[in-house]
Amino acid sequence: MLSTKKIKASPQSPTQLVSSSSADMIASNDDILTLILHRLPLKSLLKFKTVSKHWLCLITHPTFRPHHNSRAISGLFVCRLSDITNPKYDFLNLTPHSSRAPFKSLTFIDDPSGIKILQSCNGLLLCCSFRSNRLDTPYYTYNPTTKHYTVLPPPRHSSSGYYSFGVSLAFDPSKSPHYKVICIRNYDPELLDHYQVEIYSSKTGPWRPSGRPFVAPSNVQFENGVFWNGAIHWVSDWGDSLCFDVEEEQMRDIPMPSGDGDVRLYRYFGESGDHLHLVEVYGSDKLQFDVYEMERDRSGWFVKYQVDLNPVAAAFPEMVRGYADPIDFHSYAFSILCVVHEETDEGSFMVLHLPNKAIRYNFKDNSFRKLHDFAPLRSRVGVGGDSSLEFEYFDAYQFIESFACV
């Protein structure tokens with residue numbers, strides 16, 4: 001006769017019981033779980049959205065704010081010269097660890113003309129169909145982290161004779177989960193220096209005119225707007241520049257370092273870490289220049305960094321042209337793709353484009369290292385050959401990881 005024995009389950013140890021009860025308590029307490037999720041990196045949060053419907057609701061809730069530097073620049077997209085349609089992008093990784101490019105071309109929607117980036121702003125990209133600057137051109141907002149996008153309705157005056165001189169994105173996730181898009185169009189096809197502001201809001205919807213038409217010089221670069229400190233800023237080729245306060249909906253003049261009457265030879269104009277920077281370089285052989293920063297009240301500029309690129313030219317002799325380029329008037333082939341303001345000045349740097357490569361230049365100790373090699377491609381800036389450049393600052397777009405809704 002076979003004997004049978006009762007097998008007793010081994011009792012759980014006190015440690016196992018505590019661990020199990022702790023996990024159950026956290027899982028059942030949304031406040032504690034949300035605090036933990038706040039401190040996770042965005043890539044982990046994207047994966048944890050698939051754990052359960054409950055976690056998905058917590059992570060995608062409009063009030064959820066990940067506890068990380070929402071202004072930290074992870075990389076740069078640079079637009080390669082390509083065919084008439086479907087622009088290609090190289091990705092410059094600015095983090096200490098390896099990272100895959102979020103995309104090489106924008107295919108989030110089937111646009112027969114292809115899609116190009118117009119502007120990056122705190123994690124969102126403003127894009128448009130690769131067409132002309134007509135007001136009936138389709139515009140999109142796209143989050144490259146979440147892969148979500150929105151097709152914007154056409155501006156109000158999308159009829160013949162009306163053109164967009166510039167469309168800019170205004171988004172500050174520290175103040176609101178909503179964004180606005182600012183369009184500068186001509187007020188009357190017969191009046192070339194008269195403009196009208198139109199605004200689209202992700203919160204309220206349709207485009208609407210803002211204020212009365214205004215007069216501005218033709219040298220204001222409306223196509224390269226930069227959002228900083230609650231306003232869109234546009235640099236001009238001479239005289240004062242302009243900014244548009246998005247909340248008050250007022251256009252204002254802003255002073256520039258070179259003063260009235262001087263032709264402005266600016267090499268960079270952009271925002272990073274909630275700081276607005278400008279670089280002007282005068283003289284064809286200048287390798288020493290200042291990086292300006294705008295005062296918070298927009299009353300003027302001050303010198304933030306001083307740059308000496310002579311050691312860079314010695315290390316990379318291909319940047320020495322030996323002649324003044326007939327397009328950019330400089331004897332040295334370099335452009336500034338981005339000024340990156342870190343939490344401390346010791347870590348702040350700029351990304352330079354030299355022929356066929358990008359380098360990282362640290363402001364504190366003037367050290368530099370190569371970041372990226374570009375595949376040879378026909379030149380945009382310069383006359384061609386080994387000393388030509390392909391990108392300027394307006395060809396580089398910041399990648400900031402974000403959970404922002406579009």
# chains A, B, ... in the order shown; residues from 1 in each chain; ligands from 1

call {"tool": "residues_around", "arguments": {"residues": "Ile336 (chain A)", "least_positions_apart": "4", "cutoff": "10 Å", "atoms": "only C-alpha atoms", "output": "ChimeraX atom specification"}}
result
/A:267-269,279,350-354,358-359,391-394,396

call {"tool": "write_last_selection", "arguments": {"atoms": "all heavy atoms", "output": "compact mmCIF listing (two decimals), in the first residue's frame"}}
result
# COMPACT_ATOMS: atom_id res chain seq x y z
N ARG A 267 25.85 85.00 -36.46
CA ARG A 267 26.13 83.61 -36.80
C ARG A 267 25.25 82.65 -36.02
O ARG A 267 25.23 81.45 -36.33
CB ARG A 267 27.60 83.29 -36.51
CG ARG A 267 28.61 84.16 -37.24
CD ARG A 267 28.59 83.93 -38.73
NE ARG A 267 29.07 82.62 -39.11
CZ ARG A 267 30.34 82.31 -39.33
NH1 ARG A 267 31.27 83.25 -39.20
NH2 ARG A 267 30.68 81.10 -39.69
N TYR A 268 24.57 83.17 -34.99
CA TYR A 268 23.70 82.29 -34.21
C TYR A 268 22.68 83.12 -33.45
O TYR A 268 22.98 84.21 -32.95
CB TYR A 268 24.52 81.46 -33.20
CG TYR A 268 23.65 80.57 -32.34
CD1 TYR A 268 23.17 79.36 -32.83
CD2 TYR A 268 23.30 80.94 -31.05
CE1 TYR A 268 22.35 78.55 -32.06
CE2 TYR A 268 22.49 80.14 -30.27
CZ TYR A 268 22.01 78.95 -30.78
OH TYR A 268 21.20 78.15 -30.01
N PHE A 269 21.45 82.58 -33.36
CA PHE A 269 20.39 83.20 -32.59
C PHE A 269 19.47 82.08 -32.12
O PHE A 269 18.81 81.43 -32.94
CB PHE A 269 19.62 84.20 -33.45
CG PHE A 269 18.52 84.94 -32.72
CD1 PHE A 269 18.81 85.74 -31.63
CD2 PHE A 269 17.20 84.83 -33.13
CE1 PHE A 269 17.80 86.43 -30.96
CE2 PHE A 269 16.18 85.51 -32.48
CZ PHE A 269 16.49 86.31 -31.38
N VAL A 279 25.14 85.39 -31.36
CA VAL A 279 26.56 85.48 -31.71
C VAL A 279 26.68 86.31 -32.97
O VAL A 279 26.04 86.03 -33.99
CB VAL A 279 27.19 84.09 -31.96
CG1 VAL A 279 28.63 84.24 -32.42
CG2 VAL A 279 27.13 83.25 -30.69
N MET A 350 28.94 74.65 -26.90
CA MET A 350 28.27 74.91 -28.18
C MET A 350 28.66 73.81 -29.17
O MET A 350 29.72 73.18 -29.04
CB MET A 350 28.61 76.29 -28.73
CG MET A 350 30.03 76.49 -29.16
SD MET A 350 30.25 78.17 -29.85
CE MET A 350 32.03 78.18 -30.09
N VAL A 351 27.77 73.58 -30.12
CA VAL A 351 28.00 72.60 -31.16
C VAL A 351 28.39 73.35 -32.43
O VAL A 351 27.63 74.19 -32.92
CB VAL A 351 26.75 71.73 -31.41
CG1 VAL A 351 27.01 70.72 -32.52
CG2 VAL A 351 26.33 71.02 -30.12
N LEU A 352 29.58 73.06 -32.93
CA LEU A 352 30.10 73.70 -34.13
C LEU A 352 30.04 72.74 -35.30
O LEU A 352 30.28 71.54 -35.15
CB LEU A 352 31.55 74.14 -33.92
CG LEU A 352 31.83 75.24 -32.89
CD1 LEU A 352 33.33 75.39 -32.70
CD2 LEU A 352 31.21 76.55 -33.32
N HIS A 353 29.75 73.28 -36.46
CA HIS A 353 29.82 72.51 -37.70
C HIS A 353 31.06 72.93 -38.47
O HIS A 353 31.21 74.11 -38.82
CB HIS A 353 28.56 72.76 -38.53
CG HIS A 353 28.59 72.19 -39.91
ND1 HIS A 353 29.19 70.99 -40.23
CD2 HIS A 353 28.09 72.68 -41.08
CE1 HIS A 353 29.05 70.75 -41.51
NE2 HIS A 353 28.39 71.77 -42.05
N LEU A 354 31.96 71.99 -38.68
CA LEU A 354 33.12 72.17 -39.54
C LEU A 354 32.89 71.33 -40.80
O LEU A 354 31.94 70.56 -40.87
CB LEU A 354 34.40 71.71 -38.83
CG LEU A 354 34.65 72.25 -37.42
CD1 LEU A 354 36.00 71.74 -36.91
CD2 LEU A 354 34.59 73.75 -37.37
N ALA A 358 30.88 67.59 -36.94
CA ALA A 358 30.41 68.47 -35.87
C ALA A 358 31.28 68.23 -34.66
O ALA A 358 31.68 67.09 -34.38
CB ALA A 358 28.95 68.19 -35.53
N ILE A 359 31.60 69.30 -33.93
CA ILE A 359 32.41 69.17 -32.73
C ILE A 359 31.70 69.84 -31.56
O ILE A 359 30.83 70.70 -31.75
CB ILE A 359 33.84 69.75 -32.89
CG1 ILE A 359 33.77 71.28 -32.99
CG2 ILE A 359 34.54 69.16 -34.08
CD1 ILE A 359 35.14 71.92 -32.83
N PHE A 391 25.40 73.20 -43.09
CA PHE A 391 24.38 73.61 -42.14
C PHE A 391 24.69 74.96 -41.51
O PHE A 391 25.84 75.30 -41.27
CB PHE A 391 24.24 72.59 -41.01
CG PHE A 391 24.18 71.17 -41.47
CD1 PHE A 391 25.24 70.31 -41.25
CD2 PHE A 391 23.06 70.68 -42.12
CE1 PHE A 391 25.19 69.00 -41.68
CE2 PHE A 391 23.00 69.38 -42.56
CZ PHE A 391 24.07 68.53 -42.33
N GLU A 392 23.61 75.69 -41.20
CA GLU A 392 23.67 76.86 -40.35
C GLU A 392 22.79 76.59 -39.13
O GLU A 392 22.16 75.53 -39.02
CB GLU A 392 23.20 78.12 -41.10
CG GLU A 392 24.20 78.65 -42.12
CD GLU A 392 25.38 79.38 -41.48
OE1 GLU A 392 25.44 79.45 -40.23
OE2 GLU A 392 26.22 79.89 -42.22
N TYR A 393 22.72 77.58 -38.22
CA TYR A 393 21.97 77.34 -36.98
C TYR A 393 20.49 77.07 -37.25
O TYR A 393 19.84 76.32 -36.51
CB TYR A 393 22.13 78.54 -36.03
CG TYR A 393 21.35 79.77 -36.40
CD1 TYR A 393 20.06 79.96 -35.94
CD2 TYR A 393 21.90 80.75 -37.22
CE1 TYR A 393 19.33 81.09 -36.27
CE2 TYR A 393 21.19 81.88 -37.57
CZ TYR A 393 19.90 82.05 -37.09
OH TYR A 393 19.18 83.16 -37.43
N PHE A 394 19.94 77.64 -38.30
CA PHE A 394 18.52 77.45 -38.58
C PHE A 394 18.24 76.10 -39.25
O PHE A 394 17.08 75.78 -39.53
CB PHE A 394 17.95 78.59 -39.44
CG PHE A 394 18.83 79.01 -40.58
CD1 PHE A 394 18.94 78.24 -41.72
CD2 PHE A 394 19.57 80.18 -40.50
CE1 PHE A 394 19.75 78.62 -42.77
CE2 PHE A 394 20.39 80.59 -41.54
CZ PHE A 394 20.48 79.79 -42.68
N ALA A 396 19.40 73.34 -37.61
CA ALA A 396 19.53 72.44 -36.46
C ALA A 396 18.35 72.63 -35.52
O ALA A 396 17.98 73.76 -35.19
CB ALA A 396 20.85 72.71 -35.73

call {"tool": "residues_around", "arguments": {"residues": "Ala170 (chain A)", "least_positions_apart": "3", "cutoff": "7 Å", "atoms": "only C-alpha atoms", "output": "PyMOL selection string"}}
result
chain A and resi 121+179-181+227

call {"tool": "write_last_selection", "arguments": {"atoms": "N, CA and C atoms", "output": "JSON list (two decimals), in the first residue's frame"}}
result
[["chain", "number", "residue", "atom", "x", "y", "z"],
["A", 121, "CYS", "N", 10.62, 73.39, -30.01],
["A", 121, "CYS", "CA", 10.30, 74.22, -28.85],
["A", 121, "CYS", "C", 9.95, 73.33, -27.67],
["A", 179, "TYR", "N", -0.10, 74.79, -26.06],
["A", 179, "TYR", "CA", 0.83, 75.57, -26.87],
["A", 179, "TYR", "C", 0.05, 76.48, -27.81],
["A", 180, "LYS", "N", 0.78, 77.45, -28.38],
["A", 180, "LYS", "CA", 0.20, 78.34, -29.38],
["A", 180, "LYS", "C", 1.13, 78.38, -30.58],
["A", 181, "VAL", "N", 0.55, 78.62, -31.75],
["A", 181, "VAL", "CA", 1.31, 78.78, -32.98],
["A", 181, "VAL", "C", 1.04, 80.18, -33.51],
["A", 227, "PHE", "N", 11.32, 81.11, -29.50],
["A", 227, "PHE", "CA", 10.48, 81.34, -28.33],
["A", 227, "PHE", "C", 11.33, 81.34, -27.07]]

call {"tool": "atom_distance", "arguments": {"atom1": "CA of Met319 (chain A)", "atom2": "CA of Val307 (chain A)"}}
result
16.2 Å

call {"tool": "residues_around", "arguments": {"residues": "Asn356 (chain A)", "least_positions_apart": "3", "cutoff": "8 Å", "atoms": "only C-alpha atoms", "output": "list in words"}}
result
His353, Asp373, Phe374, Ala375, Pro376 and Leu389 of chain A

call {"tool": "write_last_selection", "arguments": {"atoms": "C-alpha atoms", "output": "mmCIF file, in the first residue's frame"}}
result
data_model
loop_
_atom_site.group_PDB
_atom_site.id
_atom_site.type_symbol
_atom_site.label_atom_id
_atom_site.label_comp_id
_atom_site.auth_asym_id
_atom_site.auth_seq_id
_atom_site.Cartn_x
_atom_site.Cartn_y
_atom_site.Cartn_z
ATOM 1 C CA HIS A 353 29.816 72.506 -37.698
ATOM 2 C CA ASP A 373 30.877 62.752 -39.007
ATOM 3 C CA PHE A 374 28.598 63.843 -41.823
ATOM 4 C CA ALA A 375 28.421 61.949 -45.073
ATOM 5 C CA PRO A 376 29.722 64.175 -47.901
ATOM 6 C CA LEU A 389 29.609 73.818 -45.039
#

call {"tool": "atom_distance", "arguments": {"atom1": "CA of Arg71 (chain A)", "atom2": "CA of His372 (chain A)"}}
result
22.5 Å

call {"tool": "atom_distance", "arguments": {"atom1": "CA of His277 (chain A)", "atom2": "CA of Pro173 (chain A)"}}
result
20.6 Å

call {"tool": "select_by_dssp", "arguments": {"residues": "region 201-341 of chain A", "states": "strand (DSSP E)", "output": "short mmCIF file (atom, residue, chain, number, x, y, z; two decimals) with N, CA, C and O atoms, in the first residue's frame"}}
result
data_model
loop_
_atom_site.label_atom_id
_atom_site.label_comp_id
_atom_site.auth_asym_id
_atom_site.auth_seq_id
_atom_site.Cartn_x
_atom_site.Cartn_y
_atom_site.Cartn_z
N SER A 201 -4.40 78.20 -30.99
CA SER A 201 -4.20 77.69 -29.64
C SER A 201 -4.63 76.24 -29.58
O SER A 201 -5.72 75.88 -30.05
N GLY A 205 -8.42 76.29 -30.06
CA GLY A 205 -8.68 75.81 -31.41
C GLY A 205 -8.38 76.77 -32.53
O GLY A 205 -7.22 77.08 -32.79
N PRO A 206 -9.40 77.30 -33.23
CA PRO A 206 -9.21 77.91 -34.55
C PRO A 206 -8.24 79.10 -34.55
O PRO A 206 -8.00 79.75 -33.53
N TRP A 207 -7.69 79.36 -35.75
CA TRP A 207 -6.87 80.55 -35.94
C TRP A 207 -7.75 81.79 -35.76
O TRP A 207 -8.91 81.81 -36.13
N ARG A 208 -7.12 82.84 -35.23
CA ARG A 208 -7.81 84.11 -35.07
C ARG A 208 -6.79 85.24 -35.21
O ARG A 208 -5.61 85.07 -34.90
N PRO A 209 -7.23 86.39 -35.73
CA PRO A 209 -6.30 87.52 -35.82
C PRO A 209 -6.01 88.09 -34.44
O PRO A 209 -6.86 88.05 -33.54
N SER A 210 -4.82 88.60 -34.25
CA SER A 210 -4.44 89.21 -32.98
C SER A 210 -4.08 90.68 -33.23
O SER A 210 -3.10 90.99 -33.92
N GLY A 211 -4.87 91.57 -32.66
CA GLY A 211 -4.57 92.99 -32.77
C GLY A 211 -4.75 93.54 -34.17
O GLY A 211 -5.27 92.88 -35.08
N ARG A 212 -4.26 94.75 -34.34
CA ARG A 212 -4.35 95.42 -35.62
C ARG A 212 -3.11 95.11 -36.46
O ARG A 212 -2.09 94.66 -35.94
N PRO A 213 -3.18 95.33 -37.77
CA PRO A 213 -1.98 95.15 -38.60
C PRO A 213 -0.84 96.06 -38.12
O PRO A 213 -1.08 97.13 -37.56
N PHE A 214 0.39 95.63 -38.35
CA PHE A 214 1.54 96.42 -37.93
C PHE A 214 2.52 96.55 -39.09
O PHE A 214 2.50 95.77 -40.05
N VAL A 215 3.36 97.57 -38.99
CA VAL A 215 4.38 97.84 -40.01
C VAL A 215 5.73 97.41 -39.47
O VAL A 215 6.07 97.70 -38.32
N VAL A 226 12.23 82.53 -32.52
CA VAL A 226 12.74 81.80 -31.36
C VAL A 226 11.86 82.14 -30.16
O VAL A 226 11.69 83.32 -29.83
N PHE A 227 11.32 81.11 -29.50
CA PHE A 227 10.48 81.34 -28.33
C PHE A 227 11.33 81.34 -27.07
O PHE A 227 12.09 80.41 -26.82
N TRP A 228 11.19 82.39 -26.27
CA TRP A 228 11.91 82.52 -25.00
C TRP A 228 11.17 83.51 -24.10
O TRP A 228 10.69 84.55 -24.57
N ALA A 231 7.73 84.94 -25.17
CA ALA A 231 7.59 85.72 -26.40
C ALA A 231 8.35 85.06 -27.55
O ALA A 231 9.35 84.36 -27.34
N ILE A 232 7.87 85.30 -28.77
CA ILE A 232 8.58 84.91 -29.98
C ILE A 232 9.50 86.06 -30.37
O ILE A 232 9.09 87.22 -30.41
N HIS A 233 10.78 85.74 -30.64
CA HIS A 233 11.77 86.76 -30.98
C HIS A 233 12.25 86.56 -32.42
O HIS A 233 12.48 85.42 -32.85
N TRP A 234 12.39 87.69 -33.12
CA TRP A 234 12.92 87.67 -34.48
C TRP A 234 14.07 88.65 -34.58
O TRP A 234 13.95 89.82 -34.17
N SER A 241 15.44 94.63 -33.27
CA SER A 241 14.70 93.45 -33.66
C SER A 241 13.33 93.48 -32.99
O SER A 241 12.99 94.44 -32.29
N LEU A 242 12.53 92.43 -33.20
CA LEU A 242 11.16 92.42 -32.71
C LEU A 242 10.89 91.19 -31.84
O LEU A 242 11.53 90.15 -32.01
N CYS A 243 9.93 91.33 -30.93
CA CYS A 243 9.40 90.18 -30.21
C CYS A 243 7.90 90.35 -30.04
O CYS A 243 7.40 91.48 -29.98
N PHE A 244 7.21 89.23 -29.95
CA PHE A 244 5.76 89.24 -29.77
C PHE A 244 5.43 88.52 -28.47
O PHE A 244 5.69 87.32 -28.33
N ASP A 245 4.90 89.27 -27.48
CA ASP A 245 4.49 88.69 -26.21
C ASP A 245 3.24 87.86 -26.44
O ASP A 245 2.18 88.38 -26.81
N GLN A 250 1.25 91.51 -27.77
CA GLN A 250 1.79 92.82 -28.15
C GLN A 250 3.15 92.64 -28.83
O GLN A 250 3.96 91.82 -28.39
N MET A 251 3.37 93.42 -29.88
CA MET A 251 4.65 93.43 -30.58
C MET A 251 5.52 94.51 -29.97
O MET A 251 5.07 95.64 -29.74
N ARG A 252 6.80 94.19 -29.71
CA ARG A 252 7.72 95.13 -29.09
C ARG A 252 9.07 95.11 -29.81
O ARG A 252 9.47 94.10 -30.38
N ASP A 253 9.76 96.26 -29.75
CA ASP A 253 11.15 96.33 -30.23
C ASP A 253 12.07 95.80 -29.15
O ASP A 253 11.83 95.97 -27.96
N ILE A 254 13.15 95.17 -29.56
CA ILE A 254 14.20 94.76 -28.63
C ILE A 254 15.54 95.26 -29.16
O ILE A 254 15.81 95.19 -30.36
N TYR A 266 25.24 88.17 -37.93
CA TYR A 266 25.03 87.24 -36.83
C TYR A 266 25.24 85.81 -37.32
O TYR A 266 24.86 85.43 -38.42
N ARG A 267 25.85 85.00 -36.46
CA ARG A 267 26.13 83.61 -36.80
C ARG A 267 25.25 82.65 -36.02
O ARG A 267 25.23 81.45 -36.33
N TYR A 268 24.57 83.17 -34.99
CA TYR A 268 23.70 82.29 -34.21
C TYR A 268 22.68 83.12 -33.45
O TYR A 268 22.98 84.21 -32.95
N PHE A 269 21.45 82.58 -33.36
CA PHE A 269 20.39 83.20 -32.59
C PHE A 269 19.47 82.08 -32.12
O PHE A 269 18.81 81.43 -32.94
N GLY A 270 19.47 81.80 -30.81
CA GLY A 270 18.68 80.67 -30.34
C GLY A 270 18.53 80.64 -28.83
O GLY A 270 19.16 81.42 -28.09
N GLU A 271 17.70 79.71 -28.36
CA GLU A 271 17.39 79.55 -26.94
C GLU A 271 17.86 78.20 -26.44
O GLU A 271 17.81 77.20 -27.18
N SER A 272 18.29 78.17 -25.18
CA SER A 272 18.65 76.91 -24.53
C SER A 272 18.56 77.09 -23.03
O SER A 272 19.06 78.09 -22.49
N HIS A 275 17.45 80.44 -21.71
CA HIS A 275 18.35 81.57 -21.95
C HIS A 275 18.40 81.84 -23.45
O HIS A 275 18.43 80.90 -24.25
N LEU A 276 18.39 83.12 -23.83
CA LEU A 276 18.43 83.51 -25.24
C LEU A 276 19.83 84.01 -25.58
O LEU A 276 20.38 84.87 -24.90
N HIS A 277 20.42 83.44 -26.65
CA HIS A 277 21.80 83.75 -27.01
C HIS A 277 21.90 84.28 -28.43
O HIS A 277 21.08 83.95 -29.30
N LEU A 278 22.92 85.10 -28.64
CA LEU A 278 23.21 85.70 -29.94
C LEU A 278 24.71 85.72 -30.14
O LEU A 278 25.47 86.03 -29.22
N VAL A 279 25.14 85.39 -31.36
CA VAL A 279 26.56 85.48 -31.71
C VAL A 279 26.68 86.31 -32.97
O VAL A 279 26.04 86.03 -33.99
N GLU A 280 27.48 87.38 -32.90
CA GLU A 280 27.81 88.20 -34.06
C GLU A 280 29.32 88.12 -34.28
O GLU A 280 30.09 88.27 -33.33
N GLN A 288 37.94 84.63 -32.77
CA GLN A 288 37.63 85.01 -31.40
C GLN A 288 36.38 85.89 -31.41
O GLN A 288 36.31 86.87 -32.16
N PHE A 289 35.41 85.53 -30.60
CA PHE A 289 34.15 86.28 -30.59
C PHE A 289 33.44 86.05 -29.26
O PHE A 289 33.83 85.19 -28.45
N ASP A 290 32.39 86.83 -29.03
CA ASP A 290 31.61 86.75 -27.80
C ASP A 290 30.26 86.10 -28.06
O ASP A 290 29.68 86.24 -29.15
N VAL A 291 29.77 85.41 -27.05
CA VAL A 291 28.41 84.89 -27.05
C VAL A 291 27.59 85.77 -26.11
O VAL A 291 27.89 85.88 -24.92
N TYR A 292 26.60 86.46 -26.68
CA TYR A 292 25.76 87.36 -25.89
C TYR A 292 24.55 86.61 -25.31
O TYR A 292 24.06 85.64 -25.90
N GLU A 293 24.08 87.11 -24.17
CA GLU A 293 22.84 86.60 -23.57
C GLU A 293 21.91 87.78 -23.29
O GLU A 293 22.36 88.84 -22.85
N MET A 294 20.63 87.58 -23.55
CA MET A 294 19.64 88.64 -23.34
C MET A 294 19.29 88.78 -21.87
O MET A 294 19.12 87.79 -21.15
N TRP A 301 21.74 93.24 -23.84
CA TRP A 301 22.52 92.02 -23.91
C TRP A 301 23.80 92.17 -23.09
O TRP A 301 24.30 93.27 -22.91
N PHE A 302 24.32 91.06 -22.60
CA PHE A 302 25.61 91.07 -21.93
C PHE A 302 26.43 89.88 -22.45
O PHE A 302 25.89 88.91 -22.98
N VAL A 303 27.77 90.01 -22.32
CA VAL A 303 28.66 88.94 -22.79
C VAL A 303 28.62 87.80 -21.78
O VAL A 303 29.01 87.95 -20.62
N LYS A 304 28.17 86.63 -22.24
CA LYS A 304 28.08 85.46 -21.39
C LYS A 304 29.34 84.60 -21.49
O LYS A 304 29.86 84.11 -20.49
N TYR A 305 29.82 84.39 -22.72
CA TYR A 305 31.00 83.56 -22.94
C TYR A 305 31.92 84.24 -23.95
O TYR A 305 31.46 84.98 -24.84
N GLN A 306 33.22 83.98 -23.81
CA GLN A 306 34.21 84.42 -24.79
C GLN A 306 34.84 83.19 -25.43
O GLN A 306 35.24 82.26 -24.72
N VAL A 307 34.91 83.21 -26.74
CA VAL A 307 35.30 82.02 -27.50
C VAL A 307 36.58 82.29 -28.27
O VAL A 307 36.75 83.37 -28.86
N ASP A 308 37.48 81.32 -28.28
CA ASP A 308 38.70 81.36 -29.08
C ASP A 308 38.81 80.04 -29.84
O ASP A 308 39.06 78.98 -29.25
N SER A 335 30.27 76.94 -38.66
CA SER A 335 28.99 77.54 -38.28
C SER A 335 28.62 77.03 -36.90
O SER A 335 29.09 75.99 -36.46
N ILE A 336 27.80 77.79 -36.21
CA ILE A 336 27.36 77.45 -34.86
C ILE A 336 25.96 76.84 -34.96
O ILE A 336 25.02 77.52 -35.35
N LEU A 337 25.86 75.56 -34.62
CA LEU A 337 24.57 74.89 -34.71
C LEU A 337 23.72 75.11 -33.46
O LEU A 337 22.49 75.22 -33.56
N CYS A 338 24.35 75.16 -32.29
CA CYS A 338 23.57 75.33 -31.07
C CYS A 338 24.47 75.77 -29.92
O CYS A 338 25.60 75.29 -29.80
N VAL A 339 23.99 76.68 -29.10
CA VAL A 339 24.59 77.02 -27.82
C VAL A 339 23.76 76.31 -26.76
O VAL A 339 22.55 76.53 -26.66
N VAL A 340 24.39 75.42 -25.99
CA VAL A 340 23.68 74.59 -25.02
C VAL A 340 24.00 75.08 -23.62
O VAL A 340 25.14 74.99 -23.16
#

call {"tool": "closest_residue", "arguments": {"among": "A:Lys203, A:Lys104, A:Arg156, A:Lys116", "to": "Tyr139 (chain A)", "atoms": "only C-alpha atoms"}}
result
A:Lys116

call {"tool": "residues_around", "arguments": {"residues": "Gly75 (chain A)", "least_positions_apart": "4", "cutoff": "9 Å", "atoms": "only C-alpha atoms", "output": "list in words"}}
result
Phe91, Leu92, Asn93, Leu94, Thr95, Ala101, Tyr397, Gln398, Phe399 and Ile400 of chain A

call {"tool": "select_by_dssp", "arguments": {"residues": "region 57-239 of chain A", "states": "helix (DSSP H, G or I)", "output": "mmCIF file with N, CA, C and O atoms, in the first residue's frame"}}
result
data_model
loop_
_atom_site.group_PDB
_atom_site.id
_atom_site.type_symbol
_atom_site.label_atom_id
_atom_site.label_comp_id
_atom_site.auth_asym_id
_atom_site.auth_seq_id
_atom_site.Cartn_x
_atom_site.Cartn_y
_atom_site.Cartn_z
ATOM 1 N N CYS A 57 -3.259 55.364 -17.446
ATOM 2 C CA CYS A 57 -4.046 56.537 -17.068
ATOM 3 C C CYS A 57 -3.240 57.490 -16.191
ATOM 4 O O CYS A 57 -3.306 58.710 -16.365
ATOM 5 N N LEU A 58 -2.444 56.934 -15.271
ATOM 6 C CA LEU A 58 -1.634 57.778 -14.395
ATOM 7 C C LEU A 58 -0.582 58.548 -15.184
ATOM 8 O O LEU A 58 -0.379 59.751 -14.993
ATOM 9 N N ILE A 59 0.114 57.853 -16.078
ATOM 10 C CA ILE A 59 1.243 58.456 -16.800
ATOM 11 C C ILE A 59 0.775 59.464 -17.843
ATOM 12 O O ILE A 59 1.453 60.469 -18.106
ATOM 13 N N THR A 60 -0.388 59.209 -18.439
ATOM 14 C CA THR A 60 -0.873 60.107 -19.505
ATOM 15 C C THR A 60 -1.823 61.172 -18.994
ATOM 16 O O THR A 60 -2.345 61.956 -19.786
ATOM 17 N N PHE A 222 11.331 86.864 -40.061
ATOM 18 C CA PHE A 222 10.160 86.228 -39.465
ATOM 19 C C PHE A 222 10.179 84.708 -39.622
ATOM 20 O O PHE A 222 9.496 84.000 -38.883
ATOM 21 N N GLU A 223 10.938 84.186 -40.580
ATOM 22 C CA GLU A 223 10.947 82.733 -40.790
ATOM 23 C C GLU A 223 11.768 81.987 -39.746
ATOM 24 O O GLU A 223 11.709 80.749 -39.676
ATOM 25 N N ASN A 224 12.539 82.707 -38.917
ATOM 26 C CA ASN A 224 13.401 82.056 -37.926
ATOM 27 C C ASN A 224 13.066 82.551 -36.520
ATOM 28 O O ASN A 224 13.927 83.057 -35.802
#

call {"tool": "closest_residue", "arguments": {"among": "A:Tyr187, A:Phe171, A:Phe403, A:Tyr282", "to": "Ala216 (chain A)", "atoms": "only C-alpha atoms"}}
result
A:Tyr187

call {"tool": "closest_residue", "arguments": {"among": "A:Phe108, A:Pro96, A:Arg298, A:Cys127", "to": "Ile73 (chain A)", "atoms": "only C-alpha atoms"}}
result
A:Pro96
